[in-house]
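With PDB, C-alpha atoms, pLDDT in the B column inside, this is protein.pdb:
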```
ATOM      1  CA  MET D  47     -12.673  -8.492  -8.245  1.00 54.00           C
ATOM      2  CA  CYS D  48     -13.973  -5.407  -6.465  1.00 67.00           C
ATOM      3  CA  PRO D  49     -12.579  -1.972  -7.399  1.00 72.00           C
ATOM      4  CA  LEU D  50     -11.568  -1.319  -3.775  1.00 75.00           C
ATOM      5  CA  CYS D  51      -9.640  -4.573  -3.319  1.00 82.00           C
ATOM      6  CA  GLY D  52      -6.026  -3.972  -2.455  1.00 86.00           C
ATOM      7  CA  TRP D  53      -6.768  -0.821  -0.440  1.00 85.00           C
ATOM      8  CA  ASP D  54      -5.836  -0.563   3.221  1.00 88.00           C
ATOM      9  CA  VAL D  55      -8.996  -0.130   5.288  1.00 90.00           C
ATOM     10  CA  LEU D  56     -10.035   0.214   8.932  1.00 89.00           C
ATOM     11  CA  VAL D  57     -13.062  -1.811  10.045  1.00 90.00           C
ATOM     12  CA  SER D  58     -15.089  -0.497  13.003  1.00 85.00           C
ATOM     13  CA  TYR D  59     -11.992   1.048  14.663  1.00 81.00           C
ATOM     14  CA  LEU D  60     -10.784  -2.476  15.497  1.00 87.00           C
ATOM     15  CA  ILE D  61      -8.938  -4.070  12.616  1.00 91.00           C
ATOM     16  CA  CYS D  62      -6.723  -2.557   9.930  1.00 93.00           C
ATOM     17  CA  GLY D  63      -5.837  -4.571   6.863  1.00 94.00           C
ATOM     18  CA  THR D  64      -5.735  -4.867   3.116  1.00 94.00           C
ATOM     19  CA  LEU D  65      -9.134  -5.487   1.556  1.00 92.00           C
ATOM     20  CA  HIS D  66      -9.063  -8.848  -0.222  1.00 93.00           C
ATOM     21  CA  SER D  67     -12.746  -9.307  -1.112  1.00 91.00           C
ATOM     22  CA  VAL D  68     -16.330  -8.351  -0.297  1.00 90.00           C
ATOM     23  CA  ASP D  69     -19.373 -10.452  -1.145  1.00 89.00           C
ATOM     24  CA  GLN D  70     -23.052  -9.621  -1.688  1.00 88.00           C
ATOM     25  CA  TYR D  71     -23.729  -9.889   2.068  1.00 90.00           C
ATOM     26  CA  LEU D  72     -20.932  -7.375   2.798  1.00 89.00           C
ATOM     27  CA  ASN D  73     -18.794 -10.088   4.365  1.00 93.00           C
ATOM     28  CA  ILE D  74     -15.208  -8.851   4.257  1.00 93.00           C
ATOM     29  CA  LYS D  75     -11.932 -10.713   3.845  1.00 94.00           C
ATOM     30  CA  LEU D  76      -8.796  -8.859   4.977  1.00 95.00           C
ATOM     31  CA  THR D  77      -5.134  -9.763   4.616  1.00 95.00           C
ATOM     32  CA  ASP D  78      -2.098  -8.470   6.531  1.00 95.00           C
ATOM     33  CA  ILE D  79      -4.243  -7.398   9.461  1.00 94.00           C
ATOM     34  CA  SER D  80      -3.333  -5.581  12.646  1.00 93.00           C
ATOM     35  CA  VAL D  81      -5.497  -4.589  15.589  1.00 92.00           C
ATOM     36  CA  THR D  82      -5.784  -1.025  16.831  1.00 90.00           C
ATOM     37  CA  ASP D  83      -5.696  -2.076  20.497  1.00 91.00           C
ATOM     38  CA  PRO D  84      -3.371  -5.085  20.920  1.00 90.00           C
ATOM     39  CA  GLU D  85      -3.697  -5.025  24.723  1.00 92.00           C
ATOM     40  CA  LYS D  86      -7.457  -5.490  24.456  1.00 91.00           C
ATOM     41  CA  TYR D  87      -7.229  -8.130  21.691  1.00 88.00           C
ATOM     42  CA  PRO D  88      -3.945 -10.019  22.301  1.00 91.00           C
ATOM     43  CA  HIS D  89      -5.331 -13.170  20.661  1.00 90.00           C
ATOM     44  CA  MET D  90      -5.433 -11.302  17.323  1.00 88.00           C
ATOM     45  CA  LEU D  91      -1.672 -10.608  17.269  1.00 89.00           C
ATOM     46  CA  SER D  92      -0.898 -13.963  15.637  1.00 92.00           C
ATOM     47  CA  VAL D  93      -3.653 -13.636  13.016  1.00 92.00           C
ATOM     48  CA  LYS D  94      -2.594 -12.435   9.550  1.00 94.00           C
ATOM     49  CA  ASN D  95      -5.838 -12.866   7.555  1.00 95.00           C
ATOM     50  CA  CYS D  96      -9.446 -12.715   8.670  1.00 94.00           C
ATOM     51  CA  PHE D  97     -13.063 -13.001   7.577  1.00 95.00           C
ATOM     52  CA  ILE D  98     -15.546 -10.539   9.086  1.00 93.00           C
ATOM     53  CA  ARG D  99     -19.252 -11.275   8.871  1.00 95.00           C
ATOM     54  CA  GLY D 100     -21.092  -8.375   7.253  1.00 92.00           C
ATOM     55  CA  SER D 101     -23.813  -8.227   9.914  1.00 92.00           C
ATOM     56  CA  VAL D 102     -21.281  -7.222  12.604  1.00 91.00           C
ATOM     57  CA  VAL D 103     -19.542  -4.492  10.599  1.00 90.00           C
ATOM     58  CA  ARG D 104     -20.606  -1.005  11.638  1.00 89.00           C
ATOM     59  CA  TYR D 105     -18.556   0.788   9.009  1.00 86.00           C
ATOM     60  CA  VAL D 106     -15.432   0.578   6.877  1.00 86.00           C
ATOM     61  CA  GLN D 107     -13.095   3.555   6.718  1.00 86.00           C
ATOM     62  CA  LEU D 108     -11.449   4.091   3.329  1.00 81.00           C
ATOM     63  CA  PRO D 109      -8.423   6.291   2.630  1.00 80.00           C
ATOM     64  CA  ALA D 110      -9.841   9.792   1.999  1.00 78.00           C
ATOM     65  CA  ASP D 111      -7.333  10.667  -0.706  1.00 80.00           C
ATOM     66  CA  GLU D 112      -8.356   7.603  -2.759  1.00 77.00           C
ATOM     67  CA  VAL D 113     -12.118   8.261  -2.763  1.00 78.00           C
ATOM     68  CA  ASP D 114     -13.728  10.470  -5.414  1.00 78.00           C
ATOM     69  CA  THR D 115     -16.033  12.429  -3.091  1.00 79.00           C
ATOM     70  CA  GLN D 116     -17.490  14.497  -5.930  1.00 83.00           C
ATOM     71  CA  LEU D 117     -18.708  11.339  -7.643  1.00 80.00           C
ATOM     72  CA  LEU D 118     -20.277  10.088  -4.389  1.00 75.00           C
ATOM     73  CA  GLN D 119     -21.996  13.425  -3.760  1.00 82.00           C
ATOM     74  CA  ASP D 120     -23.400  13.508  -7.292  1.00 84.00           C
ATOM     75  CA  ALA D 121     -24.721   9.956  -6.927  1.00 80.00           C
ATOM     76  CA  ALA D 122     -26.326  10.795  -3.562  1.00 82.00           C
ATOM     77  CA  ARG D 123     -28.003  13.893  -5.030  1.00 86.00           C
ATOM     78  CA  LYS D 124     -29.285  11.911  -8.005  1.00 86.00           C
ATOM     79  CA  GLU D 125     -30.711   9.217  -5.721  1.00 83.00           C
ATOM     80  CA  ALA D 126     -32.375  11.827  -3.467  1.00 85.00           C
ATOM     81  CA  LEU D 127     -34.032  13.458  -6.482  1.00 86.00           C
ATOM     82  CA  GLN D 128     -35.349  10.093  -7.677  1.00 86.00           C
ATOM     83  CA  GLN D 129     -36.839   9.341  -4.254  1.00 83.00           C
ATOM     84  CA  LYS D 130     -38.681  12.689  -4.201  1.00 81.00           C
ATOM     85  CA  GLN D 131     -40.430  11.904  -7.501  1.00 75.00           C
TER      86      GLN D 131
END
```
Rewrite the coordinates I just gave you, this time as structure tokens.
Amino acid sequence: MCPLCGWDVLVSYLICGTLHSVDQYLNIKLTDISVTDPEKYPHMLSVKNCFIRGSVVRYVQLPADEVDTQLLQDAARKEALQQKQ
């Protein structure tokens, strides 16, 4: 199970839902979904769970208060230093 599973996420400003799983290809399974623009996507109103192919995902927005930004910044700095060497 992934450490982020169970978090509410927003995928590409289109679909909000609870992260169920992510695989090695970044395919995403969401539960309890809702769409951000129901008038544009009325066919999604009856859908409760979905699978999103990783190749079409532009980004995933995580709750800011749940993410340890200091840890991410440290990891990014460490990776940048390794690439310079």
Requested in this report: Using the chain letters and numbers from the file, give me the residues hit by the PyMOL selection byres ((chain D and resi 102) around 12), as an NGL selection string.
Outcome: :D and (57-58 or 60 or 71-74 or 97-101 or 103-106)
Requested in this report: Might you spell out which residues the PyMOL selection byres ((chain D and resi 94) around 7) would select in the displayed file, as a list in words?
Outcome: Thr77, Asp78, Ile79, Ser92, Val93, Asn95 and Cys96 of chain D
Any chance you could work out the axis-aligned box around range 85-89 of chain D, listed atoms only, 5 Å on each side, giving centre and edge lengths in Å to one decimal, as AutoDock Vina command-line options?
```
--center_x -5.6 --center_y -9.1 --center_z 22.7 --size_x 13.8 --size_y 18.1 --size_z 14.1
```
Requested in this report: Select, from D:Cys51, D:Leu118, D:Leu108, D:Val81, the residue with the minimum atom-to-atom distance to Asp69 in chain D, counting only C-alpha atoms.
Outcome: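 Looking at the shortest contact to Asp69 in chain D, the residue is D:Cys51.
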Query raised in the report: Which neighbours of Pro109 in chain D fall inside 10 Å, counting all atoms listed in the file, when residues of the same chain fewer than 5 positions from it are skipped, and could you give them as a list in words?
Result: Trp53, Asp54, Val55 and Leu56 of chain D
Requested in this report: Mind checking which residues fall within 9 Å of Ser80 in chain D, counting all atoms listed in the file, ignoring those fewer than 3 positions away in the same chain, and posting them as a list in words?
Outcome: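 So the residues in contact are Leu60, Ile61, Cys62, Gly63, Asp83, Pro84, Met90, Leu91, Val93 and Lys94 of chain D.
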Requested in this report: Rank D:His66, D:Glu125, D:Leu117, D:Tyr59 by their smallest atom-to-atom distance to Thr82 in chain D, using only C-alpha atoms, and report the top residue only.
Outcome: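 Checking each candidate against Thr82 in chain D, we get D:Tyr59 as the closest.
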Query - Between CA of Ser67 in chain D and CA of Ala126 in chain D - distance in Å to one decimal - result: 28.9 Å
Report summary line: One decimal place gives the CA of Leu65 in chain D-CA of Gln119 in chain D separation as 23.5 Å
Query raised in the report: Just how far from CA of Glu85 in chain D is CA of Gly52 in chain D, in Å to one decimal?
Result: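 These atoms are spaced 27.3 Å apart.
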**Report entry** Residue nearest Val68 in chain D among D:Ala122, D:Lys86, D:Gln107, D:Pro49 (counting only C-alpha atoms)
**Finding:** D:Pro49
Please supply range 62-87 of chain D, rebuilt with N, CA and C atoms, as an mmCIF file, in the frame of the given file.
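Output file selection_14.cif follows:
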```cif
data_model
loop_
_atom_site.group_PDB
_atom_site.id
_atom_site.type_symbol
_atom_site.label_atom_id
_atom_site.label_comp_id
_atom_site.auth_asym_id
_atom_site.auth_seq_id
_atom_site.Cartn_x
_atom_site.Cartn_y
_atom_site.Cartn_z
ATOM 1 N N CYS D 62 -7.245 -3.159 11.155
ATOM 2 C CA CYS D 62 -6.723 -2.557 9.930
ATOM 3 C C CYS D 62 -6.207 -3.698 9.062
ATOM 4 N N GLY D 63 -6.352 -3.545 7.753
ATOM 5 C CA GLY D 63 -5.837 -4.571 6.863
ATOM 6 C C GLY D 63 -6.064 -4.204 5.418
ATOM 7 N N THR D 64 -5.564 -5.054 4.550
ATOM 8 C CA THR D 64 -5.735 -4.867 3.116
ATOM 9 C C THR D 64 -6.983 -5.616 2.668
ATOM 10 N N LEU D 65 -7.884 -4.897 2.005
ATOM 11 C CA LEU D 65 -9.134 -5.487 1.556
ATOM 12 C C LEU D 65 -8.860 -6.529 0.476
ATOM 13 N N HIS D 66 -9.260 -7.759 0.737
ATOM 14 C CA HIS D 66 -9.063 -8.848 -0.222
ATOM 15 C C HIS D 66 -10.320 -9.067 -1.050
ATOM 16 N N SER D 67 -11.496 -9.123 -0.384
ATOM 17 C CA SER D 67 -12.746 -9.307 -1.112
ATOM 18 C C SER D 67 -13.935 -8.916 -0.250
ATOM 19 N N VAL D 68 -15.042 -8.651 -0.934
ATOM 20 C CA VAL D 68 -16.330 -8.351 -0.297
ATOM 21 C C VAL D 68 -17.389 -9.090 -1.098
ATOM 22 N N ASP D 69 -18.319 -9.759 -0.410
ATOM 23 C CA ASP D 69 -19.373 -10.452 -1.145
ATOM 24 C C ASP D 69 -20.695 -9.700 -1.057
ATOM 25 N N GLN D 70 -21.764 -10.297 -1.604
ATOM 26 C CA GLN D 70 -23.052 -9.621 -1.688
ATOM 27 C C GLN D 70 -23.689 -9.391 -0.321
ATOM 28 N N TYR D 71 -23.218 -10.076 0.709
ATOM 29 C CA TYR D 71 -23.729 -9.889 2.068
ATOM 30 C C TYR D 71 -22.854 -8.931 2.867
ATOM 31 N N LEU D 72 -21.907 -8.298 2.198
ATOM 32 C CA LEU D 72 -20.932 -7.375 2.798
ATOM 33 C C LEU D 72 -20.004 -8.070 3.786
ATOM 34 N N ASN D 73 -19.833 -9.389 3.622
ATOM 35 C CA ASN D 73 -18.794 -10.088 4.365
ATOM 36 C C ASN D 73 -17.458 -9.635 3.798
ATOM 37 N N ILE D 74 -16.485 -9.444 4.659
ATOM 38 C CA ILE D 74 -15.208 -8.851 4.257
ATOM 39 C C ILE D 74 -14.071 -9.815 4.567
ATOM 40 N N LYS D 75 -13.166 -9.966 3.612
ATOM 41 C CA LYS D 75 -11.932 -10.713 3.845
ATOM 42 C C LYS D 75 -10.780 -9.721 3.813
ATOM 43 N N LEU D 76 -9.951 -9.741 4.877
ATOM 44 C CA LEU D 76 -8.796 -8.859 4.977
ATOM 45 C C LEU D 76 -7.522 -9.682 5.058
ATOM 46 N N THR D 77 -6.456 -9.145 4.495
ATOM 47 C CA THR D 77 -5.134 -9.763 4.616
ATOM 48 C C THR D 77 -4.209 -8.789 5.322
ATOM 49 N N ASP D 78 -3.105 -9.285 5.834
ATOM 50 C CA ASP D 78 -2.098 -8.470 6.531
ATOM 51 C C ASP D 78 -2.734 -7.574 7.594
ATOM 52 N N ILE D 79 -3.506 -8.195 8.490
ATOM 53 C CA ILE D 79 -4.243 -7.398 9.461
ATOM 54 C C ILE D 79 -3.410 -7.022 10.677
ATOM 55 N N SER D 80 -3.859 -5.977 11.341
ATOM 56 C CA SER D 80 -3.333 -5.581 12.646
ATOM 57 C C SER D 80 -4.505 -5.021 13.433
ATOM 58 N N VAL D 81 -4.428 -5.113 14.747
ATOM 59 C CA VAL D 81 -5.497 -4.589 15.589
ATOM 60 C C VAL D 81 -5.088 -3.225 16.138
ATOM 61 N N THR D 82 -6.081 -2.374 16.353
ATOM 62 C CA THR D 82 -5.784 -1.025 16.831
ATOM 63 C C THR D 82 -5.470 -1.002 18.319
ATOM 64 N N ASP D 83 -5.956 -2.008 19.061
ATOM 65 C CA ASP D 83 -5.696 -2.076 20.497
ATOM 66 C C ASP D 83 -5.200 -3.478 20.859
ATOM 67 N N PRO D 84 -3.895 -3.724 20.681
ATOM 68 C CA PRO D 84 -3.371 -5.085 20.920
ATOM 69 C C PRO D 84 -3.495 -5.547 22.374
ATOM 70 N N GLU D 85 -3.540 -4.621 23.321
ATOM 71 C CA GLU D 85 -3.697 -5.025 24.723
ATOM 72 C C GLU D 85 -5.096 -5.569 24.990
ATOM 73 N N LYS D 86 -6.076 -5.035 24.285
ATOM 74 C CA LYS D 86 -7.457 -5.490 24.456
ATOM 75 C C LYS D 86 -7.729 -6.779 23.675
ATOM 76 N N TYR D 87 -7.024 -6.953 22.550
ATOM 77 C CA TYR D 87 -7.229 -8.130 21.691
ATOM 78 C C TYR D 87 -5.902 -8.857 21.450
#
```
